[in-house]
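This is data_20.csv (CSV, C-alpha atoms and all ligand atoms).
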chain,number,residue,atom,x,y,z
Q,1,MET,CA,56.3,24.1,17.7
Q,2,SER,CA,54.9,26.3,20.4
Q,3,ARG,CA,52.3,29.0,20.1
Q,4,LEU,CA,55.1,31.6,20.7
Q,5,ALA,CA,57.1,30.2,17.8
Q,6,THR,CA,54.0,30.5,15.6
Q,7,PHE,CA,53.3,34.1,16.8
Q,8,LEU,CA,57.0,35.1,16.2
Q,9,LEU,CA,57.0,33.5,12.7
Q,10,ASP,CA,53.8,35.3,11.8
Q,11,LEU,CA,55.2,38.6,13.1
Q,12,VAL,CA,58.5,38.3,11.2
Q,13,MET,CA,57.0,37.0,8.0
Q,14,GLY,CA,54.5,39.9,8.0
Q,15,HIS,CA,57.2,42.5,7.3
Q,16,PRO,CA,56.1,44.9,4.5
Q,17,ALA,CA,59.3,44.3,2.6
Q,18,LEU,CA,58.5,40.6,2.3
Q,19,ALA,CA,54.9,41.5,1.1
Q,20,ARG,CA,56.3,43.2,-1.9
Q,21,LEU,CA,58.3,40.1,-2.9
Q,22,ARG,CA,55.4,37.9,-2.2
Q,23,ALA,CA,53.3,39.9,-4.6
Q,24,ARG,CA,56.0,39.6,-7.3
Q,25,THR,CA,56.5,35.9,-6.7
Q,26,LEU,CA,52.9,34.8,-6.8
Q,27,ALA,CA,51.6,37.1,-9.6
Q,28,GLU,CA,52.0,34.6,-12.4
Q,29,ALA,CA,51.0,31.4,-10.7
Q,30,ARG,CA,47.9,29.8,-12.2
Q,31,GLY,CA,45.8,26.6,-11.9
Q,32,LEU,CA,46.3,24.0,-9.2
Q,33,VAL,CA,49.2,25.4,-7.2
Q,34,LEU,CA,51.3,23.6,-4.6
Q,35,GLU,CA,52.5,26.0,-1.9
Q,36,LEU,CA,55.3,24.5,0.1
Q,37,GLY,CA,55.7,25.3,3.8
Q,38,CYS,CA,52.9,27.8,3.8
Q,39,GLY,CA,53.6,28.7,7.5
Q,40,THR,CA,50.8,31.0,8.8
Q,41,GLY,CA,49.4,31.7,5.3
Q,42,ARG,CA,51.0,35.1,4.7
Q,43,ASN,CA,50.9,34.4,0.9
Q,44,PHE,CA,47.2,33.7,0.6
Q,45,PRO,CA,46.1,37.3,-0.1
Q,46,PHE,CA,48.5,37.7,-3.0
Q,47,TYR,CA,47.3,35.0,-5.3
Q,48,HIS,CA,45.7,35.8,-8.7
Q,49,GLU,CA,42.1,34.9,-8.9
Q,50,ARG,CA,42.6,31.9,-11.3
Q,51,VAL,CA,44.2,29.6,-8.8
Q,52,VAL,CA,43.4,26.8,-6.3
Q,53,VAL,CA,46.1,26.5,-3.7
Q,54,LEU,CA,47.1,23.3,-2.0
Q,55,ALA,CA,49.1,24.7,0.9
Q,56,ILE,CA,51.2,22.2,2.9
Q,57,ASP,CA,53.1,22.6,6.1
Q,58,PRO,CA,54.1,20.0,8.7
Q,59,ASP,CA,53.6,22.4,11.7
Q,60,ARG,CA,50.1,22.1,13.0
Q,61,GLY,CA,50.4,25.3,15.0
Q,62,HIS,CA,51.4,27.4,11.9
Q,63,LEU,CA,48.7,25.5,10.0
Q,64,GLY,CA,46.0,26.6,12.5
Q,65,VAL,CA,46.7,30.2,11.7
Q,66,ALA,CA,46.9,29.4,8.0
Q,67,LYS,CA,43.5,27.8,8.1
Q,68,ALA,CA,42.0,31.0,9.5
Q,69,ARG,CA,43.6,33.0,6.7
Q,70,ALA,CA,42.5,30.5,4.1
Q,71,ALA,CA,38.9,31.1,5.2
Q,72,THR,CA,39.2,34.8,4.3
Q,73,ALA,CA,41.5,34.4,1.3
Q,74,PRO,CA,40.4,35.8,-2.1
Q,75,VAL,CA,41.0,32.4,-3.8
Q,76,PRO,CA,40.3,28.8,-2.7
Q,77,VAL,CA,43.1,27.5,-0.4
Q,78,VAL,CA,43.3,24.1,1.1
Q,79,PRO,CA,45.8,23.9,4.0
Q,80,ILE,CA,47.2,20.4,4.4
Q,81,ALA,CA,49.3,18.9,7.2
Q,82,ALA,CA,52.2,17.4,5.2
Q,83,SER,CA,55.9,17.5,4.6
Q,84,ALA,CA,57.6,18.4,1.4
Q,85,GLU,CA,59.6,15.2,1.6
Q,86,ALA,CA,56.4,13.1,1.2
Q,87,LEU,CA,53.8,15.0,-0.8
Q,88,PRO,CA,50.3,13.5,-0.7
Q,89,PHE,CA,49.8,14.2,-4.4
Q,90,ALA,CA,49.8,12.0,-7.5
Q,91,ASP,CA,52.6,12.1,-10.1
Q,92,SER,CA,52.4,14.9,-12.6
Q,93,SER,CA,49.1,16.2,-11.1
Q,94,LEU,CA,49.9,19.9,-10.3
Q,95,ASP,CA,50.1,23.0,-12.5
Q,96,ALA,CA,52.6,25.0,-10.5
Q,97,ALA,CA,54.6,25.2,-7.3
Q,98,VAL,CA,55.3,28.2,-5.1
Q,99,SER,CA,57.8,28.6,-2.2
Q,100,THR,CA,58.6,31.6,-0.1
Q,101,TRP,CA,61.4,31.5,2.5
Q,102,CYS,CA,60.8,27.8,3.0
Q,103,LEU,CA,63.6,25.7,1.3
Q,104,CYS,CA,65.9,26.9,4.1
Q,105,SER,CA,63.8,25.0,6.7
Q,106,ILE,CA,63.1,21.6,5.0
Q,107,PRO,CA,65.3,19.0,6.7
Q,108,ASP,CA,65.8,16.7,3.6
Q,109,LEU,CA,65.9,19.3,0.8
Q,110,ASP,CA,67.0,16.9,-1.9
Q,111,ARG,CA,64.2,14.5,-1.2
Q,112,ALA,CA,61.7,17.4,-1.1
Q,113,LEU,CA,62.9,18.8,-4.5
Q,114,GLY,CA,62.5,15.3,-5.9
Q,115,GLU,CA,58.9,15.2,-4.6
Q,116,VAL,CA,58.0,18.5,-6.1
Q,117,ARG,CA,59.5,17.4,-9.4
Q,118,ARG,CA,57.4,14.2,-9.2
Q,119,ALA,CA,54.1,15.9,-8.4
Q,120,LEU,CA,54.4,18.7,-11.0
Q,121,LYS,CA,53.2,18.3,-14.6
Q,122,PRO,CA,55.9,18.2,-17.2
Q,123,GLY,CA,56.9,21.8,-18.1
Q,124,ALA,CA,55.2,23.2,-14.9
Q,125,PRO,CA,56.7,26.4,-13.3
Q,126,TRP,CA,58.0,26.8,-9.8
Q,127,TRP,CA,57.9,30.4,-8.5
Q,128,PHE,CA,60.2,31.0,-5.6
Q,129,VAL,CA,61.7,33.6,-3.2
Q,130,GLU,CA,64.2,32.2,-0.8
Q,131,HIS,CA,67.1,33.2,1.3
Q,132,GLY,CA,70.4,31.4,1.1
Q,133,LEU,CA,74.1,31.3,0.5
Q,134,CYS,CA,75.8,34.6,-0.3
Q,135,PRO,CA,78.5,34.6,-3.1
Q,136,ASP,CA,80.7,36.9,-0.9
Q,137,PRO,CA,83.1,34.3,0.6
Q,138,ARG,CA,83.4,36.3,3.9
Q,139,VAL,CA,79.6,36.3,4.4
Q,140,ALA,CA,79.4,32.6,3.2
Q,141,ARG,CA,82.0,31.7,5.8
Q,142,TRP,CA,79.8,33.2,8.6
Q,143,GLN,CA,76.7,31.6,7.2
Q,144,ARG,CA,78.3,28.2,7.4
Q,145,ARG,CA,79.7,28.9,10.9
Q,146,LEU,CA,76.4,30.2,12.3
Q,147,THR,CA,74.0,27.7,10.7
Q,148,PRO,CA,74.3,25.0,13.4
Q,149,LEU,CA,73.3,27.4,16.1
Q,150,TRP,CA,70.8,29.3,13.9
Q,151,ARG,CA,69.0,26.1,13.1
Q,152,GLN,CA,68.3,25.5,16.8
Q,153,LEU,CA,67.0,29.1,17.3
Q,154,ALA,CA,65.0,29.5,14.1
Q,155,GLY,CA,62.9,26.4,13.4
Q,156,GLY,CA,65.5,24.4,11.5
Q,157,CYS,CA,66.5,27.3,9.2
Q,158,HIS,CA,69.8,27.0,7.3
Q,159,LEU,CA,71.5,30.2,6.3
Q,160,ASP,CA,73.9,28.5,3.9
Q,161,ARG,CA,71.9,26.7,1.2
Q,162,PRO,CA,72.9,27.5,-2.4
Q,163,ILE,CA,69.3,27.6,-3.6
Q,164,ALA,CA,69.8,28.0,-7.3
Q,165,GLU,CA,72.4,25.3,-7.4
Q,166,ARG,CA,70.2,22.9,-5.4
Q,167,LEU,CA,67.2,23.5,-7.8
Q,168,ALA,CA,69.4,22.9,-10.8
Q,169,ARG,CA,71.0,19.8,-9.3
Q,170,ALA,CA,67.5,18.4,-8.7
Q,171,GLY,CA,66.7,18.7,-12.5
Q,172,PHE,CA,64.8,22.0,-12.6
Q,173,ARG,CA,65.6,24.5,-15.4
Q,174,LEU,CA,66.2,28.0,-14.1
Q,175,GLU,CA,64.4,30.4,-16.3
Q,176,ARG,CA,64.7,33.5,-14.3
Q,177,LEU,CA,66.9,34.3,-11.3
Q,178,GLU,CA,67.5,37.6,-9.4
Q,179,THR,CA,69.8,37.5,-6.5
Q,180,GLY,CA,70.8,40.2,-4.0
Q,181,LYS,CA,70.0,41.7,-0.7
Q,182,LEU,CA,66.4,42.2,-1.6
Q,183,VAL,CA,65.1,42.5,2.0
Q,184,PRO,CA,66.3,44.5,5.0
Q,185,GLY,CA,68.9,43.0,7.3
Q,186,PRO,CA,72.5,41.6,7.1
Q,187,ARG,CA,73.4,39.6,4.0
Q,188,LEU,CA,73.8,36.6,6.3
Q,189,ALA,CA,70.0,36.2,6.3
Q,190,ALA,CA,68.9,38.6,3.7
Q,191,TRP,CA,70.7,37.3,0.6
Q,192,THR,CA,67.8,36.5,-1.6
Q,193,TYR,CA,67.1,34.2,-4.6
Q,194,LEU,CA,63.9,35.2,-6.5
Q,195,GLY,CA,62.9,33.4,-9.7
Q,196,LEU,CA,61.3,30.9,-11.8
Q,197,ALA,CA,62.4,27.3,-12.2
Q,198,ARG,CA,60.7,24.8,-14.5
Q,199,LYS,CA,60.3,21.0,-14.5
Q,200,PRO,CA,61.6,19.8,-17.9
Q,201,GLU,CA,59.0,18.7,-20.5
Q,202,ALA,CA,60.3,15.1,-20.7
Y,1,LIG,C1,60.3,30.7,7.5
Y,1,LIG,S1,58.9,29.8,7.5
Y,1,LIG,C2,58.1,30.5,6.0
Y,1,LIG,C3,56.6,30.4,6.0
Y,1,LIG,C4,55.9,30.9,4.7
Y,1,LIG,N1,56.4,30.2,3.5
Y,1,LIG,C5,56.0,32.4,4.6
Y,1,LIG,O1,56.5,32.8,3.5
Y,1,LIG,O2,55.6,33.1,5.5
Y,1,LIG,C6,59.4,28.2,6.9
Y,1,LIG,C7,58.2,27.2,6.9
Y,1,LIG,O3,58.7,25.9,6.4
Y,1,LIG,C8,58.0,24.9,7.1
Y,1,LIG,N2,58.7,23.6,7.0
Y,1,LIG,C9,59.6,23.1,7.8
Y,1,LIG,N3,59.9,21.8,7.4
Y,1,LIG,C10,59.1,21.6,6.4
Y,1,LIG,C11,59.0,20.4,5.5
Y,1,LIG,N4,59.6,19.3,5.8
Y,1,LIG,N5,58.1,20.5,4.5
Y,1,LIG,C12,57.4,21.6,4.3
Y,1,LIG,N6,57.5,22.7,5.0
Y,1,LIG,C13,58.4,22.7,6.1
Y,1,LIG,C14,57.9,25.5,8.5
Y,1,LIG,O4,57.0,24.8,9.3
Y,1,LIG,C15,57.6,26.9,8.3
Y,1,LIG,O5,56.2,27.1,8.2

Let's see the structure in the file written out as structure tokens.
Amino acid sequence: MSRLATFLLDLVMGHPALARLRARTLAEARGLVLELGCGTGRNFPFYHERVVVLAIDPDRGHLGVAKARAATAPVPVVPIAASAEALPFADSSLDAAVSTWCLCSIPDLDRALGEVRRALKPGAPWWFVEHGLCPDPRVARWQRRLTPLWRQLAGGCHLDRPIAERLARAGFRLERLETGKLVPGPRLAAWTYLGLARKPEA
């Protein structure tokens, strides 16, 4: 993506309302943590001290900014150019996963969910805050209508992904889930899923 796209992403994702949700989402992550689609590294200041973060993103422009943020982060962060659909990590090797406003943008979400499941240790947590499909049928109808255009304008972002359902379908156990309009803006883009999913023990 262009420098302008990276600049705009960083600007939008720096909104203070998102910062509050980042802090909540990352507060309990511990150990060797996979961060999916780290973008420009807006999460890095919010990690607890007992983590090492492997932060992946396929966009080298975003990753350039993430690398600069990693250098001043309060915890060790390793930015890695990689896609969620092909994670460069061994099976059952990671203690936790984190994703913030990222599952909307991954082209092959089912493959990515399978990859996260493969790379996490049995029983490992996945902390997430994502936007997605709204249960109000009128809003959902518009989310479905607008997604083809929105994807072109917003870096592949889908408005209409049923996040909790997709996680459950991929075999994750949903332990906590809060949904609602948790950030400013129309429900089209602001309908939020915040929670904890877990890879089954066996
Ligand atoms: C809306 S941004 C969110 C960035 C960051 N998570 C944050 O909270 O600021 C979505 C991110 O998903 C990344 N992304 C797109 N396709 C991806 C893929 N296949 N695997 C991993 N990340 C991907 C994009 O490059 C972008 O950085």

Distance filter 6 Å around ligand LIG 1 (chain Y), atoms: all atoms listed in the file, out as a list in words:
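Written in the requested form, the residues are Met13, Leu36, Gly37, Cys38, Gly39, Arg42, Asp57, Pro58, Asp59, Ser83, Ala84, Glu85, Thr100, Trp101, Cys102, Ser105, Ile106 and Pro107 of chain Q.
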
Can you find the residues with an atom no farther than 7 Å from (45.6, 23.9, -8.5), counting only C-alpha atoms, and report them as a list in words?
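Here the neighbourhood of the point contains Gly31, Leu32, Val33, Leu34, Val51, Val52, Val53, Leu54, Leu94 and Asp95 of chain Q.
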
Which residue, Q:Ala17, Q:Cys134, Q:Ala154, Q:Ala68, has the smallest gap to Thr192 of chain Q when you use all atoms listed in the file?
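Of all the options, Q:Cys134 lies closest to Thr192 of chain Q.
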
For Pro122 of chain Q, list every protein, DNA or RNA residue within 8 Å, evaluated using only C-alpha atoms, and leave out those in the same chain fewer than 3 positions away; present the list as a PyMOL selection string.
chain Q and resi 92+199-202

Excluding Val98 of chain Q and any residue of its chain fewer than 6 positions from it, enumerate the residues within 8 Å of it, using all atoms listed in the file, and give them as a ChimeraX atom specification.
/Q:25-26,29,33-36,126-128

So which one's closest to Thr179 of chain Q, Q:Arg166, Q:His131, Q:Arg117, Q:Arg20? Using only C-alpha atoms, please.
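Checking each candidate against Thr179 of chain Q, we get Q:His131 as the closest.
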
Choose the residue, out of Q:Leu194, Q:Ala27, Q:Leu109, Q:Cys104, that has the smallest atom-to-atom separation from Arg169 of chain Q; count all atoms listed in the file.
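When distances to Arg169 of chain Q are compared using all atoms listed in the file, the smallest one comes from Q:Leu109.
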
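Of the residues listed (Q:Leu63, Q:Ala168, Q:Ile80, Q:Leu133), Q:Ala168 shows the shortest atom-to-atom separation from Gly114 of chain Q; distances use only C-alpha atoms.
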
Skipping near chain neighbours, those fewer than 3 positions away, what residues fall within 12 Å of segment 140-153 of chain Q using all atoms listed in the file, listed as a CSV table (one decimal) with C-alpha atoms, keeping the file's coordinate frame?
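out_7.csv, freshly written:
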chain,number,residue,atom,x,y,z
Q,1,MET,CA,56.3,24.1,17.7
Q,5,ALA,CA,57.1,30.2,17.8
Q,8,LEU,CA,57.0,35.1,16.2
Q,9,LEU,CA,57.0,33.5,12.7
Q,104,CYS,CA,65.9,26.9,4.1
Q,105,SER,CA,63.8,25.0,6.7
Q,106,ILE,CA,63.1,21.6,5.0
Q,107,PRO,CA,65.3,19.0,6.7
Q,131,HIS,CA,67.1,33.2,1.3
Q,132,GLY,CA,70.4,31.4,1.1
Q,133,LEU,CA,74.1,31.3,0.5
Q,134,CYS,CA,75.8,34.6,-0.3
Q,135,PRO,CA,78.5,34.6,-3.1
Q,136,ASP,CA,80.7,36.9,-0.9
Q,137,PRO,CA,83.1,34.3,0.6
Q,156,GLY,CA,65.5,24.4,11.5
Q,157,CYS,CA,66.5,27.3,9.2
Q,158,HIS,CA,69.8,27.0,7.3
Q,159,LEU,CA,71.5,30.2,6.3
Q,160,ASP,CA,73.9,28.5,3.9
Q,161,ARG,CA,71.9,26.7,1.2
Q,162,PRO,CA,72.9,27.5,-2.4
Q,186,PRO,CA,72.5,41.6,7.1
Q,187,ARG,CA,73.4,39.6,4.0
Q,188,LEU,CA,73.8,36.6,6.3
Q,189,ALA,CA,70.0,36.2,6.3
Q,190,ALA,CA,68.9,38.6,3.7
Q,191,TRP,CA,70.7,37.3,0.6

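Compared by their closest atoms to Pro74 of chain Q, and using all atoms listed in the file, the residues Q:Pro45, Q:Pro88, Q:Gly61, Q:Gly155 rank with Q:Pro45 nearest.
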
Can you tell me how far atom CA of Pro76 of chain Q sits from atom CA of Ile56 of chain Q, in Å to one decimal?
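Interatomic distance, atom CA of Pro76 of chain Q to atom CA of Ile56 of chain Q: 13.9 Å.
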
Please measure the separation of atom CA of Glu49 of chain Q and atom CA of Ala90 of chain Q, giving the value in Å to one decimal.
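Spanning atom CA of Glu49 of chain Q to atom CA of Ala90 of chain Q is a straight-line distance of 24.2 Å.
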
Using only C-alpha atoms and a cutoff of 8 Å, can you tell me which residues are near (47.3, 31.7, 0.4) in the file's coordinates, and write them out as a ChimeraX atom specification?
/Q:38,41-47,53,55,66,69-70,73,75,77

Counting all atoms listed in the file, the option among Q:Val183, Q:Ala97, Q:Ala81, Q:Ala19 closest to Arg198 of chain Q:
Q:Ala97
